[in-house]
Amino acid sequence: QQIVPTMKAPTPKKKMTSADLLKFIATHHIDATILHLDAHTSTVSDAARELGVDTGQIIKSLVFMIENKPLLVINNGTARVDRKKLATFLGVGRKRVKFASAEQALAITGFVVGSMPPFGHRQMLRTLVAPAITRLDLIYGGGGDIDAMMRLTPSDLVRVTGAEMTDVSE
């Protein structure tokens, strides 16, 4: 009698945290600091107030799906991404540019939306950065946990991500 092994459902990959981000920072010699905050900062204004910085220094990392391929856009936290500009830059129709769902973003990056850093993801992503960010001395992005932010320089952000510069803000 032949024994047929039973197939177990694949175990979902664990969510990544600030500890995973710290390992990435150390491995890649990035001058960045994870700051654990006393409160969850669900808005750019909350984060800026908690950190004691200008809202313009807060960045957001957004995952888009372009024809089923992920793309990371790093923009100023108060600016909205203009999907038409993004589509034009990428040479695709606007309808092909979609925000990744929270589940897709988690599966692609390993990080929960609201904690997502600009790098250190499960896979290297093509990354676009708004040029205005590079004119700042220090920026603050997701720190890997819902109550953490990461302080870094724009030059390290561009170096680590291999980002392309383009203005895709409304």
# chains A, B, ... in the order shown; residues from 1 in each chain; ligands from 1

$ select_by_dssp --residues "chain A" --states "alpha helix (DSSP H)" --output "VMD selection string"
chain A and resid 18 to 27 44 to 51 83 to 90 102 to 109 154 to 161

$ residues_around --residues "segment 121-131 of chain A" --least-positions-apart "2" --cutoff "7 Å" --atoms "only C-alpha atoms" --output "PDB file with N, CA and C atoms, in the first residue's frame"
ATOM      1  N   PRO A  70       4.792  45.135  -8.324  1.00  0.00           N
ATOM      2  CA  PRO A  70       4.813  46.145  -7.259  1.00  0.00           C
ATOM      3  C   PRO A  70       5.802  47.271  -7.547  1.00  0.00           C
ATOM      4  N   LEU A  71       5.444  48.441  -7.079  1.00  0.00           N
ATOM      5  CA  LEU A  71       6.278  49.636  -7.196  1.00  0.00           C
ATOM      6  C   LEU A  71       6.133  50.399  -5.889  1.00  0.00           C
ATOM      7  N   LEU A  72       7.247  50.867  -5.346  1.00  0.00           N
ATOM      8  CA  LEU A  72       7.216  51.663  -4.125  1.00  0.00           C
ATOM      9  C   LEU A  72       7.381  53.131  -4.488  1.00  0.00           C
ATOM     10  N   VAL A  73       6.493  53.965  -3.977  1.00  0.00           N
ATOM     11  CA  VAL A  73       6.590  55.405  -4.163  1.00  0.00           C
ATOM     12  C   VAL A  73       6.786  56.028  -2.785  1.00  0.00           C
ATOM     13  N   ILE A  74       7.851  56.794  -2.649  1.00  0.00           N
ATOM     14  CA  ILE A  74       8.128  57.485  -1.383  1.00  0.00           C
ATOM     15  C   ILE A  74       7.884  58.962  -1.626  1.00  0.00           C
ATOM     16  N   ASN A  75       6.924  59.487  -0.887  1.00  0.00           N
ATOM     17  CA  ASN A  75       6.476  60.847  -1.102  1.00  0.00           C
ATOM     18  C   ASN A  75       6.440  61.575   0.235  1.00  0.00           C
ATOM     19  N   ILE A 108       3.925  41.706   0.047  1.00  0.00           N
ATOM     20  CA  ILE A 108       5.076  42.140  -0.752  1.00  0.00           C
ATOM     21  C   ILE A 108       6.215  42.633   0.129  1.00  0.00           C
ATOM     22  N   THR A 109       5.898  43.464   1.122  1.00  0.00           N
ATOM     23  CA  THR A 109       6.947  44.098   1.920  1.00  0.00           C
ATOM     24  C   THR A 109       7.249  43.364   3.221  1.00  0.00           C
ATOM     25  N   GLY A 110       6.260  42.697   3.783  1.00  0.00           N
ATOM     26  CA  GLY A 110       6.406  42.070   5.086  1.00  0.00           C
ATOM     27  C   GLY A 110       5.953  42.960   6.224  1.00  0.00           C
ATOM     28  N   PHE A 119      12.523  50.813   3.120  1.00  0.00           N
ATOM     29  CA  PHE A 119      13.405  49.730   2.664  1.00  0.00           C
ATOM     30  C   PHE A 119      13.406  48.626   3.698  1.00  0.00           C
ATOM     31  N   ILE A 133      11.918  65.575  -1.217  1.00  0.00           N
ATOM     32  CA  ILE A 133      12.422  64.880  -0.023  1.00  0.00           C
ATOM     33  C   ILE A 133      13.939  65.008   0.080  1.00  0.00           C
ATOM     34  N   THR A 134      14.616  65.006  -1.050  1.00  0.00           N
ATOM     35  CA  THR A 134      16.089  65.016  -1.046  1.00  0.00           C
ATOM     36  C   THR A 134      16.667  66.366  -0.640  1.00  0.00           C
ATOM     37  N   THR A 161      17.806  52.409  -1.543  1.00  0.00           N
ATOM     38  CA  THR A 161      16.699  51.971  -2.390  1.00  0.00           C
ATOM     39  C   THR A 161      17.055  51.959  -3.885  1.00  0.00           C
ATOM     40  N   ALA A 163      16.737  54.525  -5.690  1.00  0.00           N
ATOM     41  CA  ALA A 163      15.541  55.220  -6.152  1.00  0.00           C
ATOM     42  C   ALA A 163      15.762  56.038  -7.416  1.00  0.00           C
ATOM     43  N   GLU A 164      14.681  56.145  -8.166  1.00  0.00           N
ATOM     44  CA  GLU A 164      14.600  57.059  -9.293  1.00  0.00           C
ATOM     45  C   GLU A 164      13.864  58.301  -8.784  1.00  0.00           C
ATOM     46  N   MET A 165      14.328  59.473  -9.195  1.00  0.00           N
ATOM     47  CA  MET A 165      13.702  60.717  -8.766  1.00  0.00           C
ATOM     48  C   MET A 165      12.640  61.132  -9.773  1.00  0.00           C
ATOM     49  N   THR A 166      11.447  61.390  -9.285  1.00  0.00           N
ATOM     50  CA  THR A 166      10.403  61.956 -10.138  1.00  0.00           C
ATOM     51  C   THR A 166       9.313  62.546  -9.263  1.00  0.00           C
ATOM     52  N   ASP A 167       8.770  63.649  -9.725  1.00  0.00           N
ATOM     53  CA  ASP A 167       7.680  64.293  -8.997  1.00  0.00           C
ATOM     54  C   ASP A 167       6.362  63.690  -9.442  1.00  0.00           C
ATOM     55  N   VAL A 168       5.729  62.975  -8.554  1.00  0.00           N
ATOM     56  CA  VAL A 168       4.425  62.368  -8.858  1.00  0.00           C
ATOM     57  C   VAL A 168       3.350  62.886  -7.906  1.00  0.00           C
TER      58      VAL A 168
END

$ atom_distance --atom1 "atom CA of Leu157 of chain A" --atom2 "atom CA of Pro118 of chain A"
7.5 Å
